[in-house]
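Asks: Just passing along the structure, written as C-alpha coordinates.
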Amino acid sequence: MRVVFSNYGQADNNSAGHIFGFARGLAKRGHEVRVALAKLSPEAEFAEVDGFRIASHRALQQRGPGFDGGQVTDVLHVWTTREIMRRFAAEFSRSWNYRALVIHLEDPEEAIFERFTGITVTDAMGRDQEWPEGLIHPLHHRSFLESAQVVTLVHRCLEPLARLDRPLVELPPVLDFHFFSPAPRDEGLRSRLGVSPSSSVIVYNGNDHAASSADTRALYETVQLLIERGRDMTLVRTGHVQSSNYDGLQFRPGPRCIEPGFIERAHLPAVMRLADVVIQPGDADAFNSFRLPAKIPEYLSIGKPLITSGCNIGAELAEHRAAKVLPVMSSRAMADAVEELLDHPEMAAALGARGREFAMNRFNGDTIIPALEDCYQKCLAGN
(Lines give C-alpha, C1' and ligand atoms only; values in the text may rest on other atoms or scores of the structure.)
Protein backbone atom coordinates (compact mmCIF):
# COMPACT_ATOMS: atom_id res chain seq x y z
CA MET A 1 0.00 0.00 0.00
CA ARG A 2 0.94 3.64 -0.47
CA VAL A 3 0.26 5.62 2.70
CA VAL A 4 0.59 9.32 3.52
CA PHE A 5 0.45 10.40 7.18
CA SER A 6 -0.07 14.08 7.92
CA ASN A 7 0.62 15.82 11.22
CA TYR A 8 -0.60 19.26 12.33
CA GLY A 9 2.74 20.05 13.99
CA GLN A 10 6.44 19.54 13.61
CA ALA A 11 8.75 16.58 14.03
CA ASP A 12 9.27 17.14 17.76
CA ASN A 13 5.70 16.89 19.05
CA ASN A 14 4.11 13.81 20.59
CA SER A 15 1.82 13.21 17.62
CA ALA A 16 4.78 13.07 15.26
CA GLY A 17 6.41 10.53 17.55
CA HIS A 18 3.31 8.32 17.25
CA ILE A 19 3.19 8.76 13.47
CA PHE A 20 6.86 7.86 13.08
CA GLY A 21 6.23 4.62 14.97
CA PHE A 22 3.43 3.65 12.58
CA ALA A 23 5.36 4.77 9.50
CA ARG A 24 8.44 2.80 10.55
CA GLY A 25 6.39 -0.32 11.20
CA LEU A 26 4.53 -0.16 7.89
CA ALA A 27 7.73 0.51 5.95
CA LYS A 28 9.31 -2.60 7.47
CA ARG A 29 6.35 -4.59 6.16
CA GLY A 30 7.01 -3.40 2.61
CA HIS A 31 4.62 -0.46 2.25
CA GLU A 32 5.54 2.91 0.73
CA VAL A 33 5.08 5.60 3.36
CA ARG A 34 5.34 9.38 3.41
CA VAL A 35 4.94 11.66 6.43
CA ALA A 36 3.85 15.27 5.89
CA LEU A 37 4.64 17.73 8.69
CA ALA A 38 3.25 21.24 8.99
CA LYS A 39 6.79 22.62 9.08
CA LEU A 40 10.13 21.17 8.12
CA SER A 41 13.53 22.64 7.30
CA PRO A 42 14.18 22.70 3.52
CA GLU A 43 17.26 20.49 3.77
CA ALA A 44 15.18 17.74 5.37
CA GLU A 45 12.55 17.58 2.61
CA PHE A 46 11.91 14.03 1.36
CA ALA A 47 14.76 12.67 3.45
CA GLU A 48 14.50 8.95 4.12
CA VAL A 49 14.09 8.03 7.78
CA ASP A 50 13.81 4.37 8.80
CA GLY A 51 12.43 3.36 5.42
CA PHE A 52 9.90 6.19 4.94
CA ARG A 53 10.22 9.75 3.65
CA ILE A 54 9.22 13.00 5.34
CA ALA A 55 8.29 16.37 3.83
CA SER A 56 6.55 19.58 4.79
CA HIS A 57 2.90 20.13 3.91
CA ARG A 58 3.95 22.71 1.35
CA ALA A 59 6.52 20.48 -0.35
CA LEU A 60 4.21 17.49 -0.50
CA GLN A 61 1.39 19.58 -1.98
CA GLN A 62 3.70 21.09 -4.58
CA ARG A 63 5.64 17.96 -5.59
CA GLY A 64 3.29 15.15 -4.66
CA PRO A 65 4.14 12.10 -2.57
CA GLY A 66 6.47 10.70 -5.24
CA PHE A 67 5.47 7.06 -4.99
CA ASP A 68 7.13 4.60 -7.37
CA GLY A 69 5.58 4.82 -10.82
CA GLY A 70 3.58 7.88 -9.86
CA GLN A 71 0.96 5.73 -8.18
CA VAL A 72 -2.01 7.30 -6.40
CA THR A 73 -2.04 7.38 -2.60
CA ASP A 74 -4.06 4.51 -1.18
CA VAL A 75 -4.59 5.93 2.32
CA LEU A 76 -4.32 9.50 3.58
CA HIS A 77 -4.19 9.28 7.38
CA VAL A 78 -4.46 12.70 9.02
CA TRP A 79 -3.94 13.56 12.67
CA THR A 80 -7.06 15.18 14.16
CA THR A 81 -9.86 17.32 12.79
CA ARG A 82 -8.05 20.62 13.32
CA GLU A 83 -8.55 23.17 10.59
CA ILE A 84 -4.98 22.91 9.32
CA MET A 85 -5.60 19.22 8.66
CA ARG A 86 -8.96 19.76 6.97
CA ARG A 87 -7.37 22.24 4.58
CA PHE A 88 -4.42 19.94 3.91
CA ALA A 89 -6.70 17.00 3.09
CA ALA A 90 -8.87 19.11 0.77
CA GLU A 91 -5.88 20.47 -1.13
CA PHE A 92 -4.19 17.06 -1.31
CA SER A 93 -7.39 15.57 -2.71
CA ARG A 94 -7.60 18.23 -5.43
CA SER A 95 -3.93 18.00 -6.40
CA TRP A 96 -3.00 14.34 -5.95
CA ASN A 97 -6.08 12.36 -4.90
CA TYR A 98 -6.29 9.37 -2.56
CA ARG A 99 -8.42 6.25 -2.36
CA ALA A 100 -9.38 6.42 1.33
CA LEU A 101 -9.31 9.01 4.11
CA VAL A 102 -8.60 7.98 7.69
CA ILE A 103 -8.75 10.53 10.52
CA HIS A 104 -7.05 9.99 13.86
CA LEU A 105 -8.48 11.40 17.10
CA GLU A 106 -6.22 11.83 20.12
CA ASP A 107 -7.79 14.66 22.16
CA PRO A 108 -11.23 16.16 22.87
CA GLU A 109 -10.86 18.85 20.23
CA GLU A 110 -14.07 20.70 21.14
CA ALA A 111 -12.96 21.01 24.78
CA ILE A 112 -9.55 22.28 23.64
CA PHE A 113 -11.23 24.85 21.38
CA GLU A 114 -13.37 26.09 24.26
CA ARG A 115 -10.49 26.35 26.72
CA PHE A 116 -8.29 28.24 24.27
CA THR A 117 -10.96 30.64 23.01
CA GLY A 118 -13.22 30.93 26.07
CA ILE A 119 -16.20 30.41 23.75
CA THR A 120 -18.39 27.32 23.40
CA VAL A 121 -18.37 25.60 20.03
CA THR A 122 -22.12 26.20 19.77
CA ASP A 123 -21.70 29.95 20.29
CA ALA A 124 -18.72 30.04 17.91
CA MET A 125 -20.83 28.52 15.13
CA GLY A 126 -22.89 31.71 15.08
CA ARG A 127 -19.90 34.01 14.73
CA ASP A 128 -18.66 35.12 11.31
CA GLN A 129 -14.92 35.25 11.98
CA GLU A 130 -11.64 33.49 11.36
CA TRP A 131 -10.44 30.88 13.86
CA PRO A 132 -6.86 29.69 14.50
CA GLU A 133 -6.02 26.88 12.10
CA GLY A 134 -4.39 25.01 14.98
CA LEU A 135 -7.89 24.47 16.44
CA ILE A 136 -10.98 22.87 14.94
CA HIS A 137 -13.24 25.09 12.84
CA PRO A 138 -16.59 25.16 14.65
CA LEU A 139 -18.55 24.94 11.37
CA HIS A 140 -16.46 22.40 9.47
CA HIS A 141 -14.81 19.90 11.81
CA ARG A 142 -17.80 17.55 12.09
CA SER A 143 -18.35 17.25 8.35
CA PHE A 144 -14.62 16.64 7.92
CA LEU A 145 -14.74 13.80 10.46
CA GLU A 146 -17.81 12.34 8.78
CA SER A 147 -16.00 12.29 5.42
CA ALA A 148 -13.51 9.66 6.66
CA GLN A 149 -13.94 6.02 5.74
CA VAL A 150 -12.43 5.03 9.09
CA VAL A 151 -11.67 6.94 12.30
CA THR A 152 -8.80 5.79 14.50
CA LEU A 153 -8.61 6.58 18.21
CA VAL A 154 -5.52 6.82 20.39
CA HIS A 155 -7.62 5.18 23.12
CA ARG A 156 -11.13 3.78 23.25
CA CYS A 157 -12.15 6.48 25.75
CA LEU A 158 -12.63 8.80 22.74
CA GLU A 159 -15.47 6.71 21.28
CA PRO A 160 -18.28 8.83 22.82
CA LEU A 161 -16.89 11.97 21.16
CA ALA A 162 -16.74 10.49 17.67
CA ARG A 163 -20.54 10.07 17.40
CA LEU A 164 -20.29 8.15 14.12
CA ASP A 165 -22.06 5.14 12.61
CA ARG A 166 -18.88 3.90 10.96
CA PRO A 167 -15.84 1.89 12.06
CA LEU A 168 -13.88 3.23 15.01
CA VAL A 169 -10.49 1.56 15.43
CA GLU A 170 -8.33 1.94 18.51
CA LEU A 171 -4.78 2.82 17.46
CA PRO A 172 -2.50 3.21 20.51
CA PRO A 173 1.07 4.42 20.05
CA VAL A 174 3.90 2.04 19.26
CA LEU A 175 6.74 2.41 21.74
CA ASP A 176 10.42 1.76 21.20
CA PHE A 177 11.16 -0.31 24.29
CA HIS A 178 14.91 -0.01 23.81
CA PHE A 179 14.71 3.78 23.73
CA PHE A 180 12.28 4.01 26.65
CA SER A 181 13.86 1.41 28.87
CA PRO A 182 14.87 1.05 32.53
CA ALA A 183 18.50 1.93 33.23
CA PRO A 184 20.58 3.36 36.08
CA ARG A 185 20.16 7.09 36.52
CA ASP A 186 22.84 9.34 35.08
CA GLU A 187 24.52 10.86 38.16
CA GLY A 188 26.39 13.31 35.96
CA LEU A 189 23.13 14.61 34.47
CA ARG A 190 21.62 14.84 37.94
CA SER A 191 24.57 16.93 39.08
CA ARG A 192 24.53 19.16 35.98
CA LEU A 193 20.85 19.92 36.54
CA GLY A 194 21.62 20.92 40.12
CA VAL A 195 19.67 18.19 41.93
CA SER A 196 20.80 17.77 45.51
CA PRO A 197 22.47 14.37 46.13
CA SER A 198 20.04 13.64 48.96
CA SER A 199 16.84 14.68 47.19
CA SER A 200 14.03 12.49 45.90
CA VAL A 201 12.94 13.47 42.40
CA ILE A 202 9.65 13.83 40.55
CA VAL A 203 10.05 14.28 36.78
CA TYR A 204 7.38 15.84 34.60
CA ASN A 205 7.70 16.28 30.83
CA GLY A 206 5.33 18.60 29.01
CA ASN A 207 4.60 22.06 27.71
CA ASP A 208 2.13 24.43 29.30
CA HIS A 209 -1.12 25.00 27.46
CA ALA A 210 -4.57 26.23 28.39
CA ALA A 211 -6.23 22.83 28.45
CA SER A 212 -4.01 21.42 31.20
CA SER A 213 -2.68 24.45 33.07
CA ALA A 214 -4.70 23.79 36.24
CA ASP A 215 -3.48 20.18 36.36
CA THR A 216 0.17 21.17 36.05
CA ARG A 217 -0.26 23.82 38.72
CA ALA A 218 -1.63 21.12 41.05
CA LEU A 219 1.56 19.13 40.49
CA TYR A 220 3.68 22.12 41.58
CA GLU A 221 1.44 22.50 44.64
CA THR A 222 2.00 18.80 45.41
CA VAL A 223 5.78 19.16 45.48
CA GLN A 224 5.48 22.33 47.56
CA LEU A 225 3.29 20.45 50.05
CA LEU A 226 5.80 17.59 50.27
CA ILE A 227 8.58 20.06 51.06
CA GLU A 228 6.39 21.70 53.72
CA ARG A 229 5.95 18.25 55.26
CA GLY A 230 9.73 18.01 55.59
CA ARG A 231 10.46 15.89 52.53
CA ASP A 232 13.68 16.49 50.61
CA MET A 233 12.07 16.78 47.16
CA THR A 234 12.96 18.19 43.76
CA LEU A 235 10.75 18.65 40.70
CA VAL A 236 12.51 18.38 37.34
CA ARG A 237 10.10 19.72 34.77
CA THR A 238 11.01 19.88 31.06
CA GLY A 239 9.16 21.70 28.29
CA HIS A 240 8.00 25.24 27.63
CA VAL A 241 6.71 26.89 30.81
CA GLN A 242 4.24 29.77 30.95
CA SER A 243 5.20 31.45 34.22
CA SER A 244 1.84 33.19 34.68
CA ASN A 245 0.21 29.79 35.25
CA TYR A 246 1.98 29.64 38.62
CA ASP A 247 1.28 33.13 39.95
CA GLY A 248 0.86 33.05 43.72
CA LEU A 249 2.84 29.86 44.28
CA GLN A 250 5.87 29.97 46.55
CA PHE A 251 7.28 26.95 44.72
CA ARG A 252 9.04 28.52 41.76
CA PRO A 253 12.26 27.86 39.80
CA GLY A 254 15.24 27.31 42.06
CA PRO A 255 17.12 24.45 43.73
CA ARG A 256 13.89 22.44 44.31
CA CYS A 257 12.11 23.41 41.09
CA ILE A 258 14.37 22.82 38.11
CA GLU A 259 13.05 23.87 34.71
CA PRO A 260 15.65 23.18 32.00
CA GLY A 261 13.18 24.09 29.24
CA PHE A 262 12.69 22.19 26.00
CA ILE A 263 14.74 19.00 25.83
CA GLU A 264 15.49 17.18 22.59
CA ARG A 265 13.56 13.91 22.48
CA ALA A 266 16.79 11.92 22.27
CA HIS A 267 17.67 13.08 25.80
CA LEU A 268 14.26 12.57 27.45
CA PRO A 269 14.76 8.99 28.68
CA ALA A 270 17.88 10.02 30.61
CA VAL A 271 15.92 12.80 32.31
CA MET A 272 13.00 10.48 33.07
CA ARG A 273 15.33 7.93 34.65
CA LEU A 274 16.23 10.51 37.32
CA ALA A 275 12.73 10.14 38.76
CA ASP A 276 11.90 8.27 41.94
CA VAL A 277 8.20 8.79 41.17
CA VAL A 278 6.30 10.13 38.16
CA ILE A 279 2.85 11.75 38.18
CA GLN A 280 0.28 12.40 35.49
CA PRO A 281 -1.92 15.03 37.18
CA GLY A 282 -5.54 15.71 36.32
CA ASP A 283 -8.98 14.46 37.36
CA ALA A 284 -11.71 13.25 35.05
CA ASP A 285 -13.19 16.21 33.17
CA ALA A 286 -14.09 17.25 29.62
CA PHE A 287 -10.40 17.23 28.71
CA ASN A 288 -8.73 14.43 30.67
CA SER A 289 -11.50 11.86 30.22
CA PHE A 290 -11.05 11.71 26.46
CA ARG A 291 -7.35 11.37 25.71
CA LEU A 292 -4.28 9.25 26.35
CA PRO A 293 -1.58 11.47 27.85
CA ALA A 294 1.53 10.79 25.77
CA LYS A 295 3.70 10.71 28.88
CA ILE A 296 1.91 7.72 30.42
CA PRO A 297 3.15 5.02 28.00
CA GLU A 298 6.66 6.48 28.22
CA TYR A 299 6.69 6.62 32.02
CA LEU A 300 5.46 3.03 32.16
CA SER A 301 8.03 1.81 29.65
CA ILE A 302 10.86 3.43 31.62
CA GLY A 303 9.67 1.37 34.60
CA LYS A 304 8.99 4.27 36.96
CA PRO A 305 6.18 4.03 39.55
CA LEU A 306 3.32 6.13 38.18
CA ILE A 307 0.62 8.03 40.07
CA THR A 308 -2.41 8.91 37.96
CA SER A 309 -6.22 9.17 37.98
CA GLY A 310 -8.86 6.64 37.02
CA CYS A 311 -9.86 8.41 33.79
CA ASN A 312 -8.79 7.52 30.24
CA ILE A 313 -6.37 4.57 30.59
CA GLY A 314 -6.50 4.66 34.41
CA ALA A 315 -9.05 1.86 34.74
CA GLU A 316 -6.80 -0.50 32.77
CA LEU A 317 -3.79 0.45 34.87
CA ALA A 318 -5.74 -0.18 38.06
CA GLU A 319 -6.90 -3.59 36.82
CA HIS A 320 -3.32 -4.64 36.08
CA ARG A 321 -1.92 -2.93 39.20
CA ALA A 322 0.41 -1.10 36.81
CA ALA A 323 0.09 2.31 38.49
CA LYS A 324 -1.13 3.89 41.70
CA VAL A 325 -4.55 5.09 40.58
CA LEU A 326 -6.19 7.72 42.79
CA PRO A 327 -9.91 8.52 42.95
CA VAL A 328 -9.11 12.22 43.31
CA MET A 329 -5.94 13.91 42.07
CA SER A 330 -5.83 16.67 44.67
CA SER A 331 -2.47 18.00 45.79
CA ARG A 332 -2.92 16.36 49.18
CA ALA A 333 -3.85 12.97 47.68
CA MET A 334 -0.91 13.09 45.28
CA ALA A 335 1.48 14.05 48.09
CA ASP A 336 0.19 11.17 50.25
CA ALA A 337 0.75 8.74 47.37
CA VAL A 338 4.29 10.00 46.77
CA GLU A 339 5.16 9.58 50.44
CA GLU A 340 3.78 6.02 50.47
CA LEU A 341 5.94 5.05 47.48
CA LEU A 342 9.06 6.73 48.85
CA ASP A 343 8.58 5.06 52.23
CA HIS A 344 8.08 1.61 50.61
CA PRO A 345 10.74 1.28 47.88
CA GLU A 346 9.96 -2.42 47.30
CA MET A 347 6.35 -1.49 46.57
CA ALA A 348 7.49 1.28 44.22
CA ALA A 349 9.87 -1.05 42.37
CA ALA A 350 7.19 -3.71 41.92
CA LEU A 351 4.74 -1.09 40.66
CA GLY A 352 7.29 0.14 38.13
CA ALA A 353 7.99 -3.40 36.93
CA ARG A 354 4.28 -4.12 36.43
CA GLY A 355 3.96 -0.83 34.57
CA ARG A 356 6.78 -1.81 32.23
CA GLU A 357 5.14 -5.18 31.59
CA PHE A 358 1.79 -3.51 30.89
CA ALA A 359 3.39 -1.10 28.42
CA MET A 360 5.21 -3.89 26.57
CA ASN A 361 1.91 -5.66 26.00
CA ARG A 362 -0.32 -2.64 25.34
CA PHE A 363 1.98 -0.56 23.09
CA ASN A 364 3.74 -3.29 21.16
CA GLY A 365 4.25 -2.77 17.43
CA ASP A 366 4.16 -6.53 16.77
CA THR A 367 0.41 -6.42 17.34
CA ILE A 368 -0.45 -2.79 16.56
CA ILE A 369 1.14 -2.55 13.09
CA PRO A 370 -0.53 -5.67 11.63
CA ALA A 371 -3.85 -4.42 13.03
CA LEU A 372 -3.32 -1.04 11.34
CA GLU A 373 -2.40 -2.78 8.09
CA ASP A 374 -5.59 -4.84 8.31
CA CYS A 375 -7.61 -1.68 9.00
CA TYR A 376 -6.29 -0.05 5.83
CA GLN A 377 -6.92 -3.14 3.72
CA LYS A 378 -10.53 -3.39 4.89
CA CYS A 379 -10.97 0.32 4.31
CA LEU A 380 -9.72 0.03 0.71
CA ALA A 381 -11.77 -3.10 0.06
CA GLY A 382 -14.89 -1.17 1.02
CA ASN A 383 -14.31 1.52 -1.61
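Chain identifiers are assigned as A, B, and so on, following the order in which chains appear in the C-alpha coordinates; residues are numbered from 1 within each chain, and ligands are numbered from 1 in order of appearance.
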Mind checking DSSP for stretch 174-328 of chain A and telling me the strand (DSSP E) residues as an MDAnalysis selection string?
Replies: chainID A and resid 200:205 233:238 257:261 277:279 306:309 324:326
Asks: Applying 7 Å and only C-alpha atoms, which residues near stretch 47-54 of chain A remain after dropping the ones on its own chain fewer than 3 positions away? List them as an NGL selection string.
Replies: :A and (23-24 or 27 or 32-36 or 44)
Asks: So which one's closest to A:Val203, A:Gln10, A:Thr238, A:Thr80, A:Asn312? Using only C-alpha atoms, please.
Replies: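 Of all the options, A:Thr238 lies closest to A:Val203.
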Asks: Between A:Gln129, A:Arg321, A:His240, A:Pro255, which is the closest to A:Ser196 once you count only C-alpha atoms?
Replies: A:Pro255
Asks: With only C-alpha atoms as the atoms that count, which of A:Arg99, A:Phe363, A:Ile258, A:Val3 lies nearest to A:Arg192?
Replies: A:Ile258
Asks: I'd like the interatomic distance between atom CA of A:Ala11 and atom CA of A:His57, to a tenth of an Å.
Replies: 12.2 Å
